[in-house]
Every structure is written in structure tokens, then in C-alpha cells.
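Before any comments, here is the structure.
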Number of protein chains: 2
Amino acid sequence: MRYGFGVDLGGTTVKIAYFDENGTLLSKWEIPTVTANSGAQILPDIAASIEQFIDSQHINRDAIIGVGIGVPGPVDGQGVVNKCINLGWGVFNVAETLSGLVGFPVKAGNDANVAALGEYWKGGGKDADNMILATLGTGVGGGIVIGGHLLHGAHGSGAEIGHMVLNRDETEQCGCGKRGCAEQYCSATGIVRLANRAMAREQKASKLRGLNTLTCKDIFDFGAEGDELANDVLNEYYAYLGEFLANLCDVVDPEAVVLGGGVSKAGQVLLDGVRPHFDKHIFHAARGAQFVLASLGNDAGAYGAFKLALDAFG
Amino acid sequence: MRYGFGVDLGGTTVKIAYFDENGTLLSKWEIPTVTANSGAQILPDIAASIEQFIDSQHINRDAIIGVGIGVPGPVDGQGVVNKCINLGWGVFNVAETLSGLVGFPVKAGNDANVAALGEYWKGGGKDADNMILATLGTGVGGGIVIGGHLLHGAHGSGAEIGHMVLNRDETEQCGCGKRGCAEQYCSATGIVRLANRAMAREQKASKLRGLNTLTCKDIFDFGAEGDELANDVLNEYYAYLGEFLANLCDVVDPEAVVLGGGVSKAGQVLLDGVRPHFDKHIFHAARGAQFVLASLGNDAGAYGAFKLALDAFG
């Protein structure tokens, strides 16, 4: 049996996991992401942590296939990152650099793309050779698998699906500087924004009003309790999400759409809510796409990162 | 040297081309598409025509790699077509059937997808391993190349880009039955529709008015002559097309976007017109996509069809 590591590099913590070649997660741990000094310490810290694990577990280095890493920014097929704002990184080859430090071959990808590969390999999108992961969290990220392979894109920014235009008439600005991005409607933040707009626009009494902090979960909870305004907001949300996912599926024509991130904690009600809007907008021949929930949670990135390395060096 | 055939099957004619393995088009001809009797004669006619060519040219059958065919409808990775309305076809394996008739291995794909593979191999998208072809004709078709391979989709309807929603408030119906599809704005028919709406809405004098039949070419010609209303229409068109192509590129992040079909005859003015609108809507990291014109014209489908066979059997 051979083994390897999957690394999910985030803005505050680094998740590192140790897998066997069948994809069984054997061990996982976290270290802090030190972004001081333009993030110069991040890769040495990861290499040292892996080194320490290997020593403490008396692991045979010859049985290690390699290391995969997902990073929060654009990464091209050669492993060159193009500015990871959250880490302070500029432009350099992260795969080569980490490989030099850790002594194993390294493959790098964008974190959202790599999470899609994880869900395809061992999660909600298992066996769906053409698959879209849409991560509906603070923002909207995602990744796309085509014929069993990750879509990286020519400039490492494939599947930046959260920044497709969903409403050209939007006046507020998205975090990316554009206006009307899918992320402004389909994220957990987006649904709260829709709720705030609905409260300002409508006179209806609602449990949504008067909370100190309104969350995505509140809106789903109040909707389930029959709150009319909450359900208006949910229907508006489903309409945006259905149009967004249909546009994606008109391009990709996948077997499965996997929904992850905070919003997906709503569960089956989300899948049921979005489906009629999706069906309205999808091109008939691509209507067979199944909607499923992501199942790997915060481990998706580590699974996918190791799979990247396994596909490249295994 | 080995050889093969590329077949572009259309609703009225079948284009057949004979290539060497380097992709040099050595000979091409057309036969009519006989759609009577649910199109039962189409594949036997193609097989007979290829047979006749081989005999008349004294071609060594052992040097034939195979046949590729593009068909006007959804085709899955195994060659199963799912209803080609224009041909009267239902559901069957077109690759296996044609192979049984012609005695060579056959690979099949959707005609628009196959044309994209042609433009990638020998046309405007040469060397762009990630590429989008958008064919702006009577409708809007297209094909997508990811990492040098065609995106077919799980149900054979990958890259049905013309049916992405571009305007959810549209009241007129698209040919597909939906409302607000990109095809309703970005096709040659779409630009004429925009012009008719502008004439009804605006009072301005314009050369656009009073023609018996207004064409896409008229609008570009009058725009170049300085006609104000024609240029208003062109700007509206560029805004739709720029948003549409940006949404696609947010998903695919390609090296090149290749524009084909009747509208692309406008040439450089089209590329220059759409670019600022594209730049407004594209996610910054994918901004490097180049816009180019398709260069293979009506032969793109035959080139791509042969390339399908070459990749599979060559």
C-alpha cells in the first residue's frame, strides 16, 4: 500500500490529511496559516508539519506518492499561483517550491476546484464523471469535473462561477468589484441581503424583523415555520439559484450538481426548492442533472488535494 | 501516411471530406440529406458515398484510420444520439450503425461541438488548449475544448451555450421554448430583432427603416457609415454578447474565444465592439482570453469530425 498527503490551505488554518492510495483518510490535523511577511513562512510550516508527522509515525518515505495542495487563489496547470490576496502571496510556482521543501512531488490547484475533485472522488458527486460543485458559503465558489478531470482553466481561474453575471441591473458592488455577480444572490450572505431588501420593501409582519443579526439559517427556519416573508425570500433565492445553476448546466451538461457550503446545511428543502426554477431555465437535453448535497464537509479540500497528487504521480 | 474521413451531417446536405493524418484536407464533396422515412437512408447514403470515393480513387482500405461524424443533435460519449429533430431520428447508436455500414471505426459528436474541435485543431483557436467556439448564426451554437479535449456532456448536450439565460424578463419565446436565451440576442436573427425593437421604440431617422428585409449585414454596414440608430443597436448587441461571453469565460477560463457564424463576417469591428463589454463583466483572473475569428468556415465540422476519429483510433 502507498500513501500521500492532501493539504487544504486556508486564510487562517492549514488542514493536512494523510491518506492511503484508496482514499481512506487515516489522520488529519491543522496548523495556523502565518500570513505575516507576505506569507513567506506558510510553505516551510507545511513542509515541517508533514516532516514531523512522518518522523513521529515512523512512516517509510518510499511509500509516499506525493503531496497535493489546494490554495485560495488562481493556480495554473503548472502550479504557478497568480496572487493569493488572503495569504499575501504574489506570483510563483507553489508546487515546485513546496516540493523542494518537503522532498516529495507536489501538485497544486485552486482550493474550490480541488474541493470539487474531492466530492467527485469520495463525496456527493461520486461516479458523476461530469460534475459541478457549487459552494454556497460567505461567497459562491465552485469547481467543475469534466470527464473525470478537473477544469483548471488557462489562467488557473476555471470555474469562478460565483462571478457570472446574474443581474445586470444590480447597483451594489460585489467583493470582486463587479456588479450583479451570482455570489451577491446565491451565497449565505446573498440570501440575508435579499431578506433585508424584502423587509425594507414589504410591510408584512415577519419573524425576520427585529433580530440583532439575521442569518441564513434563521431564514430557512422561519420559512419552515410558515413565516410568509421568509418564504417569499426563499422563493426569490431559489429563482436566482435555479437560473444560475441552469446556466452552468447549459455549458457543462453534468450528471450531478453538488451543493455545498453553509446554505447546503438547509438540506433537502434546498434541493426541492431550487429544482422547479432550474427546470424552467435548463435546456431540455441537459435536464437529467441530479442535485445532491456535498458530503465531505471541511475535508473535501484535503481529499481532492490528495487525489490531484494521486492522479499525477500515483 | 494514414488517412480518414470527416462527415458533417446537416439538415439539407452532408459534407464529406478526406484527410491525411496531419489534417490536410485532400478532397471534399457533398451529398443531399434524405430525411424522408425518418432519415433511414442517411447513414446508408453516407457509407455508399465513402465507399464509392474509395473505389474511384483506388484507396488502400488498410490505410484508413476511421470516420468521424458530427450530427445536429445531442450525442453522448458512446455515440448514442438522442433525437435529431431535423433528421427525423430517434434514439440509437449512430457510431455503431455507421461503422457497421462502412466497415471502419466511427466516432460521433454533436455538430457544433465537433466544429469547435476543428477550429481548435486547424482554425482560429489553434494551440488554445482551452477554447470556446461561439457560432453566431441563425441561432447561437458552440463547442468547448478543455485541456485539448471536447466537452461532450453527460447527456450529449454539453456547450448548449445559446440557451443560457441572458434576460429573465424577456416576453418572446426562444425556439427551444424558453424565454430570454442568449440566442434571442446574440444570433444574426437576434441583432435584427434588436433593430426592429429599436425602430419601434425610437423616433430617430435611420437607414434601417423602410427596407423590405433587414439583415445583420445591413446593420453593420449602416453602422460603419455612421448611422446613429444602427450604432445604438450594435452597442446594445455588443453589451449582450460581452455579458454572455464573460459568463462563459468565468466558467471555462479559456486562452481563446473563437467567434464564427454569419455575424462573425463583420470581422474585426465585432471583436473590437464586444471587448469593452466583456472586460466589464469578466472575473479579473480570466481577463487574458483572446478573441479571434473562426477561420475554417463551413469546413470546421469536417475537420473536427475527422479529429474525433483521429484522437480515438489514430
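Ligands are numbered from 1 in the order shown, chains are lettered A, B, ... in the order of the C-alpha cells, and residues start at 1 in each chain.
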_Using only C-alpha atoms and a distance of at most 7 Å, pull out the residues of chain B that contact chain A, as a list in words._
Asn130, Gly153, Ala154, His155, Ser157, Gly158, Ala159, Glu160, Ile161, His163, Met164, Val165, Lys178, Asn247, Asp250, Val251, Val252, Asp253, Pro254, Glu255, His281, Phe283, Ala285 and Ala286 of chain B
*asked:* Run DSSP on the backbone and tell me which residues of range 41-187 of chain A come out as helix (DSSP H, G or I); list them as a ChimeraX atom specification.
replied: /A:42-56,61-63,85-87,94-102,111-122,161-163,183-186
Restricting the output to N, CA and C atoms, write the selected residues as a compact mmCIF listing (two decimals), in the first residue's frame.
# COMPACT_ATOMS: atom_id res chain seq x y z
N ILE A 42 4.53 30.16 5.17
CA ILE A 42 3.43 29.19 5.01
C ILE A 42 3.93 27.83 4.49
N LEU A 43 4.66 27.84 3.40
CA LEU A 43 5.09 26.56 2.83
C LEU A 43 6.13 25.86 3.71
N PRO A 44 7.12 26.58 4.26
CA PRO A 44 8.04 25.93 5.21
C PRO A 44 7.30 25.31 6.41
N ASP A 45 6.27 25.99 6.93
CA ASP A 45 5.49 25.44 8.04
C ASP A 45 4.80 24.13 7.64
N ILE A 46 4.23 24.12 6.42
CA ILE A 46 3.53 22.90 5.95
C ILE A 46 4.53 21.76 5.81
N ALA A 47 5.68 22.06 5.20
CA ALA A 47 6.70 21.02 5.00
C ALA A 47 7.17 20.47 6.35
N ALA A 48 7.39 21.36 7.31
CA ALA A 48 7.87 20.93 8.63
C ALA A 48 6.83 20.07 9.33
N SER A 49 5.56 20.43 9.17
CA SER A 49 4.49 19.68 9.83
C SER A 49 4.37 18.28 9.24
N ILE A 50 4.49 18.17 7.94
CA ILE A 50 4.44 16.85 7.29
C ILE A 50 5.67 16.03 7.72
N GLU A 51 6.81 16.67 7.74
CA GLU A 51 8.07 16.02 8.15
C GLU A 51 7.94 15.45 9.56
N GLN A 52 7.40 16.26 10.45
CA GLN A 52 7.22 15.87 11.85
C GLN A 52 6.27 14.68 11.96
N PHE A 53 5.19 14.71 11.17
CA PHE A 53 4.23 13.60 11.18
C PHE A 53 4.90 12.31 10.72
N ILE A 54 5.66 12.41 9.66
CA ILE A 54 6.35 11.23 9.11
C ILE A 54 7.30 10.65 10.15
N ASP A 55 8.06 11.52 10.80
CA ASP A 55 9.01 11.06 11.82
C ASP A 55 8.28 10.41 13.00
N SER A 56 7.26 11.11 13.51
CA SER A 56 6.60 10.63 14.72
C SER A 56 5.86 9.32 14.48
N ARG A 61 9.34 6.70 3.95
CA ARG A 61 9.26 7.77 2.94
C ARG A 61 9.09 7.21 1.53
N ASP A 62 9.59 6.00 1.28
CA ASP A 62 9.50 5.42 -0.07
C ASP A 62 8.07 5.06 -0.45
N ALA A 63 7.20 4.95 0.55
CA ALA A 63 5.80 4.60 0.27
C ALA A 63 4.93 5.83 0.02
N ILE A 85 -4.47 36.82 -2.50
CA ILE A 85 -4.62 38.03 -1.70
C ILE A 85 -4.62 37.72 -0.20
N ASN A 86 -5.42 36.71 0.21
CA ASN A 86 -5.57 36.38 1.63
C ASN A 86 -4.27 35.94 2.29
N LEU A 87 -3.34 35.45 1.49
CA LEU A 87 -2.08 34.93 2.04
C LEU A 87 -0.94 35.93 1.91
N VAL A 94 4.05 27.33 -6.68
CA VAL A 94 3.83 26.78 -5.34
C VAL A 94 4.15 25.29 -5.30
N ALA A 95 3.89 24.58 -6.39
CA ALA A 95 4.14 23.14 -6.43
C ALA A 95 5.65 22.87 -6.37
N GLU A 96 6.41 23.57 -7.18
CA GLU A 96 7.87 23.38 -7.18
C GLU A 96 8.47 23.78 -5.84
N THR A 97 8.00 24.89 -5.29
CA THR A 97 8.57 25.39 -4.04
C THR A 97 8.31 24.41 -2.89
N LEU A 98 7.06 23.96 -2.77
CA LEU A 98 6.74 23.03 -1.69
C LEU A 98 7.46 21.70 -1.90
N SER A 99 7.58 21.27 -3.13
CA SER A 99 8.28 20.02 -3.44
C SER A 99 9.75 20.10 -3.00
N GLY A 100 10.37 21.25 -3.26
CA GLY A 100 11.76 21.45 -2.83
C GLY A 100 11.90 21.39 -1.31
N LEU A 101 10.88 21.84 -0.60
CA LEU A 101 10.95 21.86 0.86
C LEU A 101 10.64 20.50 1.48
N VAL A 102 9.70 19.78 0.90
CA VAL A 102 9.19 18.57 1.54
C VAL A 102 9.84 17.30 0.97
N ASP A 111 -8.30 26.03 -4.42
CA ASP A 111 -8.98 25.33 -3.33
C ASP A 111 -10.41 24.89 -3.66
N ALA A 112 -11.15 25.77 -4.33
CA ALA A 112 -12.55 25.42 -4.65
C ALA A 112 -12.60 24.31 -5.70
N ASN A 113 -11.70 24.38 -6.68
CA ASN A 113 -11.64 23.34 -7.70
C ASN A 113 -11.26 22.00 -7.08
N VAL A 114 -10.28 22.05 -6.19
CA VAL A 114 -9.79 20.84 -5.54
C VAL A 114 -10.88 20.21 -4.67
N ALA A 115 -11.69 21.04 -4.02
CA ALA A 115 -12.81 20.51 -3.23
C ALA A 115 -13.81 19.77 -4.12
N ALA A 116 -13.99 20.29 -5.34
CA ALA A 116 -14.89 19.61 -6.30
C ALA A 116 -14.33 18.22 -6.64
N LEU A 117 -13.02 18.16 -6.82
CA LEU A 117 -12.39 16.86 -7.12
C LEU A 117 -12.59 15.90 -5.96
N GLY A 118 -12.53 16.42 -4.73
CA GLY A 118 -12.77 15.60 -3.54
C GLY A 118 -14.20 15.06 -3.52
N GLU A 119 -15.18 15.93 -3.75
CA GLU A 119 -16.58 15.49 -3.75
C GLU A 119 -16.85 14.51 -4.90
N TYR A 120 -16.14 14.67 -5.99
CA TYR A 120 -16.27 13.73 -7.12
C TYR A 120 -15.69 12.37 -6.75
N TRP A 121 -14.57 12.40 -6.04
CA TRP A 121 -13.85 11.14 -5.74
C TRP A 121 -14.54 10.35 -4.62
N LYS A 122 -14.89 11.04 -3.56
CA LYS A 122 -15.37 10.34 -2.36
C LYS A 122 -16.62 10.93 -1.73
N ILE A 161 -17.39 30.46 -10.82
CA ILE A 161 -18.81 30.53 -11.14
C ILE A 161 -19.55 31.60 -10.34
N GLY A 162 -19.00 31.95 -9.18
CA GLY A 162 -19.65 32.95 -8.34
C GLY A 162 -19.67 34.33 -8.96
N HIS A 163 -18.86 34.51 -10.02
CA HIS A 163 -18.78 35.84 -10.62
C HIS A 163 -19.42 35.92 -12.00
N GLU A 183 -22.71 35.47 -6.81
CA GLU A 183 -22.35 35.49 -5.39
C GLU A 183 -23.17 36.48 -4.57
N GLN A 184 -23.60 37.58 -5.21
CA GLN A 184 -24.38 38.58 -4.49
C GLN A 184 -25.80 38.11 -4.17
N TYR A 185 -26.22 36.99 -4.77
CA TYR A 185 -27.59 36.48 -4.55
C TYR A 185 -27.58 35.07 -3.96
N CYS A 186 -26.66 34.24 -4.44
CA CYS A 186 -26.74 32.79 -4.17
C CYS A 186 -25.94 32.35 -2.96
_Residues near range 189-201 of chain A, cut-off 12 Å, only C-alpha atoms, skip fewer than 6 positions along chain, as a VMD selection string_ = chain A and resid 136 to 140 162 172 174 to 175 180 to 183 207 to 211 213 to 220 222 to 223 228 to 241 261 to 263
*Residue contacts of Lys307 in chain B (12 Å, only C-alpha atoms) excluding same-chain residues fewer than 4 positions away, as a ChimeraX atom specification*: /B:3-7,17-25,65-70,106-109,113-122,148-150,300-303,311-314
